[in-house]
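Q: Sharing coords-v3.cif below, mmCIF, C-alpha atoms:
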```
data_work
loop_
_atom_site.label_atom_id
_atom_site.label_comp_id
_atom_site.auth_asym_id
_atom_site.auth_seq_id
_atom_site.Cartn_x
_atom_site.Cartn_y
_atom_site.Cartn_z
CA MET A 1 25.50 -52.22 32.58
CA LYS A 2 26.88 -48.72 33.17
CA ASN A 3 28.31 -48.62 29.65
CA LYS A 4 24.97 -49.62 28.19
CA ILE A 5 23.16 -46.82 29.98
CA LEU A 6 25.82 -44.38 28.83
CA LEU A 7 25.47 -45.53 25.22
CA VAL A 8 21.69 -45.14 25.35
CA LEU A 9 22.04 -41.65 26.79
CA ILE A 10 24.54 -40.68 24.08
CA ALA A 11 22.23 -42.12 21.41
CA ILE A 12 19.37 -39.96 22.71
CA ALA A 13 21.45 -36.85 23.25
CA ALA A 14 23.42 -36.87 19.98
CA PRO A 15 20.53 -36.16 17.57
CA VAL A 16 19.17 -33.49 19.91
CA PHE A 17 22.60 -31.88 20.11
CA PHE A 18 23.30 -31.92 16.38
CA SER A 19 19.81 -31.02 15.17
CA GLY A 20 19.72 -28.16 17.67
CA CYS A 21 22.17 -26.18 15.54
CA ALA A 22 20.11 -26.32 12.36
CA THR A 23 17.10 -24.09 11.72
CA ASP A 24 14.74 -24.50 8.81
CA ALA A 25 13.96 -21.29 6.94
CA HIS A 26 10.76 -19.66 8.10
CA TYR A 27 9.07 -16.26 7.93
CA VAL A 28 9.68 -13.90 10.81
CA GLN A 29 8.05 -10.61 11.65
CA THR A 30 10.03 -7.44 11.17
CA GLY A 31 11.69 -6.50 14.42
CA ASP A 32 10.86 -9.75 16.21
CA LYS A 33 13.13 -11.05 18.91
CA GLN A 34 14.81 -13.55 16.56
CA GLN A 35 16.43 -10.79 14.52
CA ILE A 36 20.01 -11.24 13.32
CA ILE A 37 22.41 -8.85 14.98
CA SER A 38 25.78 -8.03 13.46
CA ALA A 39 28.19 -5.81 15.33
CA GLY A 40 30.06 -4.97 12.11
CA LYS A 41 27.17 -3.83 9.93
CA ILE A 42 23.82 -2.10 9.92
CA ASN A 43 20.93 -4.57 10.06
CA SER A 44 17.49 -3.91 8.63
CA GLN A 45 15.98 -3.45 12.09
CA ASP A 46 18.49 -0.66 12.77
CA PHE A 47 16.93 1.39 9.97
CA ALA A 48 13.50 0.72 11.44
CA THR A 49 14.64 1.77 14.91
CA ALA A 50 16.29 4.95 13.58
CA ALA A 51 13.26 5.82 11.43
CA ASN A 52 10.89 5.18 14.33
CA ASP A 53 12.91 7.38 16.67
CA ALA A 54 13.33 10.14 14.09
CA SER A 55 9.63 10.17 13.18
CA ARG A 56 8.33 10.26 16.73
CA ASN A 57 10.93 12.84 17.72
CA LEU A 58 9.95 15.15 14.88
CA LEU A 59 6.20 14.65 15.27
CA SER A 60 6.29 15.14 19.03
CA MET A 61 8.05 18.53 18.78
CA ASP A 62 5.82 21.05 20.43
CA PRO A 63 5.51 23.64 18.90
CA ASN A 64 6.21 21.82 15.68
CA PRO A 65 7.84 23.60 12.71
CA LEU A 66 5.70 21.48 10.36
CA ASP A 67 2.61 23.19 11.79
CA LYS A 68 4.04 26.67 11.23
CA VAL A 69 3.75 26.93 7.47
CA ASP A 70 1.62 29.22 5.35
CA ARG A 71 0.01 26.36 3.49
CA SER A 72 -0.65 23.16 5.38
CA PRO A 73 0.52 20.41 5.07
CA ALA A 74 4.16 21.43 4.89
CA PHE A 75 6.04 20.54 1.72
CA VAL A 76 9.25 18.71 2.61
CA VAL A 77 11.92 17.71 0.13
CA PHE A 78 14.07 14.76 1.20
CA SER A 79 17.56 15.15 -0.13
CA LYS A 80 20.40 12.68 -0.13
CA ILE A 81 21.43 10.88 3.03
CA VAL A 82 25.23 10.86 3.11
CA ASN A 83 26.52 7.36 3.78
CA ASN A 84 29.79 7.40 5.71
CA THR A 85 29.82 3.70 6.48
CA ASP A 86 31.77 0.91 4.81
CA GLN A 87 28.62 -0.75 3.54
CA SER A 88 26.38 0.09 0.64
CA VAL A 89 23.13 1.49 1.99
CA ASP A 90 19.91 2.26 0.16
CA GLN A 91 18.78 5.50 1.77
CA ASP A 92 15.14 4.65 1.06
CA LEU A 93 15.32 2.13 3.91
CA LEU A 94 15.38 5.18 6.14
CA THR A 95 13.69 7.99 4.22
CA GLN A 96 10.73 5.99 2.98
CA LYS A 97 9.74 5.03 6.52
CA ILE A 98 10.04 8.59 7.77
CA GLY A 99 8.18 9.87 4.72
CA ILE A 100 5.30 7.47 5.34
CA ALA A 101 5.08 8.53 8.99
CA LEU A 102 5.05 12.23 8.08
CA THR A 103 2.48 11.95 5.29
CA GLN A 104 0.17 9.70 7.34
CA SER A 105 0.30 12.22 10.17
CA GLY A 106 -1.17 14.75 7.74
CA LYS A 107 1.58 17.20 8.58
CA ALA A 108 3.70 16.96 5.46
CA GLN A 109 3.79 16.25 1.77
CA ILE A 110 7.02 14.61 0.74
CA LYS A 111 9.17 14.76 -2.35
CA ILE A 112 12.18 12.48 -2.40
CA VAL A 113 15.02 13.52 -4.68
CA ASP A 114 18.31 11.70 -5.16
CA LYS A 115 20.26 14.88 -5.02
CA LEU A 116 19.14 18.24 -3.75
CA GLY A 117 18.69 20.48 -6.75
CA GLU A 118 18.09 17.63 -9.21
CA ASP A 119 14.48 18.67 -9.67
CA TYR A 120 14.90 22.21 -8.52
CA GLY A 121 18.05 23.50 -10.21
CA ASN A 122 19.71 24.67 -7.04
CA ILE A 123 18.78 25.94 -3.61
CA ASP A 124 18.51 29.52 -4.91
CA ASP A 125 15.77 28.38 -7.25
CA PHE A 126 13.83 27.34 -4.17
CA LEU A 127 14.22 30.79 -2.74
CA ASN A 128 13.47 32.66 -5.94
CA ASP A 129 10.64 30.29 -6.75
CA LYS A 130 11.74 30.03 -10.37
CA LYS A 131 10.31 26.57 -10.76
CA THR A 132 6.65 25.89 -11.30
CA THR A 133 6.61 23.20 -8.60
CA ARG A 134 5.69 24.21 -5.09
CA ARG A 135 8.52 25.80 -3.23
CA PRO A 136 9.54 23.51 -0.35
CA ASP A 137 8.85 24.65 3.18
CA PHE A 138 11.67 22.43 4.44
CA THR A 139 14.38 20.13 3.22
CA LEU A 140 15.41 17.04 5.13
CA SER A 141 18.97 15.84 4.95
CA GLY A 142 21.03 13.37 6.90
CA LYS A 143 24.13 11.35 7.37
CA ILE A 144 24.94 7.84 8.60
CA ILE A 145 28.29 7.55 10.35
CA GLN A 146 30.05 4.37 11.41
CA THR A 147 32.74 4.02 14.03
CA VAL A 148 34.23 0.68 15.00
CA ASP A 149 36.20 0.00 18.16
CA ARG A 150 37.99 -3.22 18.99
CA ALA A 151 39.34 -4.73 22.17
CA GLY A 152 40.79 -8.17 21.54
CA ARG A 153 38.13 -10.21 19.77
CA THR A 154 35.33 -7.92 20.93
CA ARG A 155 34.08 -5.52 18.32
CA ARG A 156 31.84 -2.53 18.96
CA GLY A 157 30.08 -0.88 16.06
CA THR A 158 28.46 2.50 16.57
CA TYR A 159 26.11 3.75 13.88
CA SER A 160 24.97 7.34 14.15
CA PHE A 161 21.90 8.34 12.17
CA GLN A 162 21.90 12.12 11.94
CA MET A 163 19.03 14.03 10.40
CA SER A 164 18.07 17.65 10.13
CA LEU A 165 15.09 19.57 8.88
CA ASN A 166 16.25 22.75 7.22
CA ASP A 167 14.41 25.94 6.45
CA PRO A 168 15.53 26.96 2.92
CA LYS A 169 14.57 30.59 3.56
CA ASN A 170 17.33 31.15 6.07
CA ARG A 171 19.13 27.80 5.69
CA ALA A 172 18.80 27.19 9.39
CA GLN A 173 18.17 23.81 10.98
CA VAL A 174 14.76 23.85 12.63
CA TRP A 175 15.06 20.28 13.85
CA MET A 176 18.12 18.17 14.47
CA PHE A 177 18.16 14.56 15.46
CA GLU A 178 20.70 11.90 16.21
CA LYS A 179 20.16 8.26 16.99
CA GLU A 180 23.13 6.15 17.96
CA ILE A 181 22.82 2.40 17.62
CA VAL A 182 25.62 0.57 19.39
CA LYS A 183 26.28 -3.13 18.97
CA GLN A 184 29.02 -5.09 20.66
CA GLY A 185 30.15 -8.69 20.49
CA THR A 186 32.66 -11.17 19.19
CA ARG A 187 30.36 -12.68 16.55
CA ASP A 188 26.97 -12.22 14.93
CA ALA A 189 23.96 -13.55 16.81
CA VAL A 190 20.30 -14.37 16.45
CA GLY A 191 18.13 -12.66 19.06
CA PHE A 192 19.01 -9.59 21.03
CA MET B 1 38.67 -35.33 53.90
CA LYS B 2 40.70 -32.22 53.30
CA THR B 3 40.27 -32.30 49.51
CA PRO B 4 36.43 -32.11 49.38
CA LYS B 5 36.50 -29.17 51.79
CA LEU B 6 39.02 -27.39 49.60
CA LEU B 7 36.94 -28.20 46.55
CA SER B 8 33.79 -26.78 48.11
CA ILE B 9 35.62 -23.59 49.09
CA PHE B 10 36.99 -23.31 45.57
CA GLY B 11 33.54 -23.96 44.11
CA PHE B 12 31.92 -21.33 46.31
CA SER B 13 34.60 -18.77 45.45
CA PHE B 14 34.20 -19.56 41.76
CA ALA B 15 30.43 -19.08 41.94
CA ALA B 16 30.80 -15.83 43.87
CA GLY B 17 33.42 -14.64 41.39
CA LEU B 18 31.12 -15.41 38.47
CA LEU B 19 28.32 -13.48 40.16
CA VAL B 20 30.57 -10.46 40.57
CA LEU B 21 31.99 -10.69 37.06
CA THR B 22 28.62 -11.12 35.33
CA GLY B 23 27.78 -7.74 36.81
CA CYS B 24 24.87 -6.56 38.88
CA THR B 25 24.99 -2.89 37.97
CA THR B 26 22.27 -0.83 39.57
CA VAL B 27 21.38 2.81 39.10
CA ASN B 28 21.26 5.56 41.70
CA THR B 29 18.91 8.41 40.84
CA VAL B 30 18.38 11.95 42.07
CA GLY B 31 15.91 14.62 40.96
CA ASN B 32 14.11 17.68 42.30
CA ALA B 33 11.80 16.77 45.19
CA GLN B 34 8.96 19.09 44.24
CA MET B 35 8.25 18.25 40.64
CA GLU B 36 6.71 21.21 38.83
CA GLY B 37 5.48 19.25 35.84
CA GLN B 38 2.24 17.41 36.49
CA ARG B 39 1.77 14.17 34.67
CA THR B 40 -1.72 13.31 33.48
CA MET B 41 -1.82 9.70 34.56
CA ILE B 42 -4.36 7.51 32.84
CA SER B 43 -5.94 4.33 34.07
CA ASP B 44 -4.57 1.39 32.18
CA GLN B 45 -5.69 -2.10 31.42
CA ARG B 46 -3.02 -4.79 31.57
CA VAL B 47 -2.80 -8.30 30.20
CA ILE B 48 0.18 -10.07 31.66
CA SER B 49 1.06 -13.34 29.98
CA ASP B 50 4.78 -13.21 30.70
CA ALA B 51 4.82 -13.01 34.49
CA SER B 52 8.57 -13.46 34.48
CA LEU B 53 9.13 -10.25 32.49
CA ASN B 54 6.52 -8.42 34.54
CA ARG B 55 8.31 -9.38 37.76
CA LYS B 56 11.59 -8.09 36.37
CA VAL B 57 10.46 -4.99 34.45
CA ALA B 58 7.25 -3.59 35.88
CA ILE B 59 4.98 -0.94 34.42
CA VAL B 60 4.79 1.88 36.96
CA GLY B 61 2.34 4.14 35.18
CA VAL B 62 1.11 5.57 31.92
CA ASN B 63 0.53 9.22 31.15
CA SER B 64 -0.54 10.97 28.00
CA THR B 65 -0.79 14.41 26.51
CA MET B 66 -2.03 15.94 23.27
CA THR B 67 0.49 17.89 21.23
CA SER B 68 -0.51 21.28 19.88
CA GLY B 69 -0.58 19.61 16.47
CA GLY B 70 -3.32 17.26 17.69
CA LEU B 71 -1.33 14.05 18.05
CA LEU B 72 -1.70 11.85 21.12
CA LYS B 73 1.60 11.34 22.91
CA VAL B 74 1.93 8.50 25.40
CA GLN B 75 4.64 7.87 27.94
CA VAL B 76 5.10 4.71 29.98
CA GLU B 77 7.24 4.53 33.10
CA LEU B 78 9.05 1.25 33.67
CA GLU B 79 11.06 0.02 36.60
CA ASN B 80 13.58 -2.79 36.70
CA HIS B 81 12.97 -4.67 39.94
CA THR B 82 16.05 -6.81 39.52
CA ARG B 83 19.66 -5.87 40.13
CA SER B 84 20.78 -6.83 36.62
CA LEU B 85 20.35 -5.35 33.17
CA GLN B 86 17.19 -6.47 31.39
CA ARG B 87 16.59 -6.42 27.63
CA PHE B 88 13.20 -6.36 25.99
CA LEU B 89 11.30 -5.25 22.91
CA TYR B 90 8.37 -2.89 23.07
CA LYS B 91 5.85 -1.97 20.45
CA PHE B 92 3.13 0.67 20.45
CA GLU B 93 -0.10 -0.14 18.64
CA TRP B 94 -2.50 2.65 17.73
CA PHE B 95 -6.23 2.63 17.10
CA ASP B 96 -8.57 5.20 15.57
CA ALA B 97 -11.98 6.28 16.88
CA ASN B 98 -13.56 3.17 15.35
CA GLY B 99 -11.10 0.86 17.02
CA MET B 100 -9.28 0.16 13.78
CA GLN B 101 -5.54 -0.31 14.05
CA VAL B 102 -3.32 2.27 12.35
CA ASN B 103 0.08 0.96 11.39
CA ASN B 104 3.28 2.57 10.22
CA ILE B 105 6.87 2.87 11.40
CA LEU B 106 5.64 4.33 14.69
CA SER B 107 4.30 0.87 15.49
CA ALA B 108 7.64 -0.85 14.91
CA SER B 109 9.22 -3.01 17.60
CA VAL B 110 11.92 -1.14 19.44
CA PRO B 111 14.73 -2.91 21.33
CA GLU B 112 15.34 -1.42 24.76
CA GLN B 113 17.36 -2.20 27.85
CA ILE B 114 17.14 -1.08 31.43
CA GLU B 115 19.80 -1.22 34.11
CA GLY B 116 19.25 -2.85 37.48
CA LYS B 117 16.84 -0.91 39.72
CA GLU B 118 16.56 1.77 37.06
CA SER B 119 13.38 3.67 36.34
CA LYS B 120 12.96 4.55 32.69
CA PHE B 121 10.43 6.20 30.40
CA ILE B 122 9.52 5.09 26.92
CA TYR B 123 7.23 7.13 24.70
CA SER B 124 5.61 7.23 21.35
CA ILE B 125 3.32 9.45 19.37
CA ALA B 126 0.17 8.57 17.46
CA PRO B 127 0.68 8.16 13.72
CA THR B 128 -2.41 10.22 12.86
CA PRO B 129 -4.51 12.88 14.62
CA GLY B 130 -7.42 10.43 14.42
CA CYS B 131 -5.80 7.94 16.80
CA ARG B 132 -7.61 7.75 20.11
CA ASP B 133 -6.39 4.57 21.76
CA PHE B 134 -3.20 2.64 22.11
CA ARG B 135 -1.63 -0.37 23.68
CA VAL B 136 1.98 -1.26 24.33
CA LYS B 137 3.40 -4.75 24.05
CA PHE B 138 6.52 -5.92 25.84
CA ILE B 139 8.52 -9.00 24.87
CA GLU B 140 11.45 -10.27 26.88
CA ALA B 141 14.73 -10.84 25.07
CA ASN B 142 16.12 -14.35 24.70
#
```
Once more with this new file: its structure as structure tokens, please.
A:
Amino acid sequence: MKNKILLVLIAIAAPVFFSGCATDAHYVQTGDKQQIISAGKINSQDFATAANDASRNLLSMDPNPLDKVDRSPAFVVFSKIVNNTDQSVDQDLLTQKIGIALTQSGKAQIKIVDKLGEDYGNIDDFLNDKKTTRRPDFTLSGKIIQTVDRAGRTRRGTYSFQMSLNDPKNRAQVWMFEKEIVKQGTRDAVGF
Amino acid sequence: MKTPKLLSIFGFSFAAGLLVLTGCTTVNTVGNAQMEGQRTMISDQRVISDASLNRKVAIVGVNSTMTSGGLLKVQVELENHTRSLQRFLYKFEWFDANGMQVNNILSASVPEQIEGKESKFIYSIAPTPGCRDFRVKFIEAN
């Protein structure tokens, strides 16, 4: 009798146990709580978090350098984001989001160039205004740095998103920002 | 008779050990008693559907200010009522003068965590100068 009950229980539990591991593909919202988290690489939501933090940090500066230009909105040239991680990163995942936030705020016009100077000759051309295009009020540059620490099977990945808004007239940084995203674990996971 | 007693002692010790090891880290805080900065607190309207999260991480208050550039900046104070670390997502939503939602990266979901008994501020800034209203959504982690 006992064995029969046990068999019935196993028969009920087995499909639940095995089917519980499988998930059918479905659409998820960006940044939802079912996001995939990898300690060893930058996930898409990390770019969104860094861009969100950078945008709100820059826009909430008070007084704001973007408001202190001769001709409003400020003209900002986005130059290359240096990628010092072991993964291939499309910098537009970061710059496009920040660019959208700045243009929608009405505080900046954006020009994204792959390499500073590609459209403008070199930085001195900015200063001497040799080009017919509008001389940028600011340039935005950045760097993504990865550091990985290990203790046994536990891996900790730290990704630093560094950005700065530079005044080409005196080449000084008028805004500097750093967002560190730290992830730790022994394996990748779904949900945070 | 002796074995069950020993087992129960072992079980209790194991449970207590787990409790200690899983970590109830709380935060001690100190600040100046006479705050010079005055927060402009605003009355808020709350819809609580996740009572569990609300019991753990409570909204203490909401204050706002307008930047000199004309953007609405909102800050929310949260407090973890538990003694353990809590993880959640929050998301600011912004609305213009006609009640239409304005979306961009500033409305993205942001993962956040708060230590036991810690008080923490989160903030965001309106995506456009035309934004007048906002709401903040909180979702508990798995």
Q: The PyMOL selection byres ((chain A) within 9 of (chain B)) on the file shown: which residues, as a compact mmCIF listing (two decimals) with C-alpha atoms, keeping the file's coordinate frame?
A:
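Once written, expr.txt looks like this:
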```
# COMPACT_ATOMS: atom_id res chain seq x y z
CA THR A 30 10.03 -7.44 11.17
CA GLY A 31 11.69 -6.50 14.42
CA ASP A 32 10.86 -9.75 16.21
CA LYS A 33 13.13 -11.05 18.91
CA GLN A 34 14.81 -13.55 16.56
CA GLN A 45 15.98 -3.45 12.09
CA ALA A 48 13.50 0.72 11.44
CA THR A 49 14.64 1.77 14.91
CA ALA A 51 13.26 5.82 11.43
CA ASN A 52 10.89 5.18 14.33
CA ASP A 53 12.91 7.38 16.67
CA SER A 55 9.63 10.17 13.18
CA ARG A 56 8.33 10.26 16.73
CA ASN A 57 10.93 12.84 17.72
CA LEU A 59 6.20 14.65 15.27
CA SER A 60 6.29 15.14 19.03
CA MET A 61 8.05 18.53 18.78
CA ASP A 62 5.82 21.05 20.43
CA PRO A 63 5.51 23.64 18.90
CA ASN A 64 6.21 21.82 15.68
CA LEU A 66 5.70 21.48 10.36
CA ASP A 67 2.61 23.19 11.79
CA LYS A 97 9.74 5.03 6.52
CA ILE A 98 10.04 8.59 7.77
CA ILE A 100 5.30 7.47 5.34
CA ALA A 101 5.08 8.53 8.99
CA LEU A 102 5.05 12.23 8.08
CA GLN A 104 0.17 9.70 7.34
CA SER A 105 0.30 12.22 10.17
CA GLY A 106 -1.17 14.75 7.74
CA LYS A 107 1.58 17.20 8.58
CA GLY A 191 18.13 -12.66 19.06
CA PHE A 192 19.01 -9.59 21.03
```
Q: Residues near segment 174-182 of chain A, anyone? I mean within 10 Å using all atoms listed in the file, not counting same-chain ones fewer than 3 positions away, as number ranges by chain.
A: A: 39, 42, 46-47, 49-51, 53-55, 57-58, 61, 64-66, 138, 140-148, 156-167, 171
Q: Using only C-alpha atoms, which of B:Ser52, B:Asp133, B:Gln113, B:Thr65 sits nearest Asp96 of chain B?
A: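 Under the stated criterion, the closest residue is B:Asp133.
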Q: Mind giving me the straight-line distance from atom CA of Thr25 of chain B to atom CA of Gly40 of chain A in Å, one decimal?
A: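 Distance reported for this atom pair: 26.4 Å.
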Q: Could you work out how far atom CA of Ile81 of chain A lies from atom CA of Leu94 of chain A, giving the answer in Å with one decimal?
A: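 Distance between the two atoms: 8.9 Å.
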Q: What is the distance, in Å and to one decimal place, between atom CA of Val60 of chain B and atom CA of Val76 of chain B?
A: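 Atom CA of Val76 of chain B lies at a distance of 7.5 Å from atom CA of Val60 of chain B.
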Q: Find the residue from A:Asp188, A:Asp24, A:Asp70, A:Asp92 that sits nearest to Arg155 of chain A; use only C-alpha atoms when measuring.
A: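 Result for the nearest residue to Arg155 of chain A: A:Asp188.
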Q: Around the point (-2.6, -0.4, 34.7) in the file's coordinates, collect all residues with an atom within 9 Å, using all atoms listed in the file, and return them as a list in words.
A: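 Output of the proximity query reads Ile42, Ser43, Asp44, Gln45, Arg46, Ile59, Val60, Gly61 and Val62 of chain B.
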Q: Export C-alpha atoms of the chosen residues as an mmCIF file, in the frame of the given file?
A:
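result.cif, written as the output of this step:
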```
data_model
loop_
_atom_site.group_PDB
_atom_site.id
_atom_site.type_symbol
_atom_site.label_atom_id
_atom_site.label_comp_id
_atom_site.auth_asym_id
_atom_site.auth_seq_id
_atom_site.Cartn_x
_atom_site.Cartn_y
_atom_site.Cartn_z
ATOM 1 C CA ILE B 42 -4.360 7.510 32.840
ATOM 2 C CA SER B 43 -5.940 4.330 34.070
ATOM 3 C CA ASP B 44 -4.570 1.390 32.180
ATOM 4 C CA GLN B 45 -5.690 -2.100 31.420
ATOM 5 C CA ARG B 46 -3.020 -4.790 31.570
ATOM 6 C CA ILE B 59 4.980 -0.940 34.420
ATOM 7 C CA VAL B 60 4.790 1.880 36.960
ATOM 8 C CA GLY B 61 2.340 4.140 35.180
ATOM 9 C CA VAL B 62 1.110 5.570 31.920
#
```
Q: Apply the PyMOL selection byres ((chain A and resi 111) around 7) to the structure shown and report the selected residues as a list in words.
A: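 Selected by the PyMOL selection byres ((chain A and resi 111) around 7) in this file: Val76, Val77, Phe78, Gln109, Ile110, Ile112 and Val113 of chain A.
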Q: Residues as selected, C-alpha atoms, written as a tab-separated table (two decimals), in the frame of the given file, can you do that?
A:
```
chain	number	residue	atom	x	y	z
A	76	VAL	CA	9.25	18.71	2.61
A	77	VAL	CA	11.92	17.71	0.13
A	78	PHE	CA	14.07	14.76	1.20
A	109	GLN	CA	3.79	16.25	1.77
A	110	ILE	CA	7.02	14.61	0.74
A	112	ILE	CA	12.18	12.48	-2.40
A	113	VAL	CA	15.02	13.52	-4.68
```
Q: Find the residues near Lys117 of chain B: any atom within 9 Å, counting all atoms listed in the file, skip ones fewer than 4 places away on the same chain, and give them as number ranges by chain.
A: B: 25-28, 79-85
Q: Considering only C-alpha atoms, return as a list of chain:residue names whatever protein or nucleic-acid residues lie within 12 Å of Ala151 of chain A, sequence-local ones (same chain, fewer than 6 positions apart) excluded.
A: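 Selected residues are A:Gly157, A:Gln184, A:Gly185, A:Thr186.
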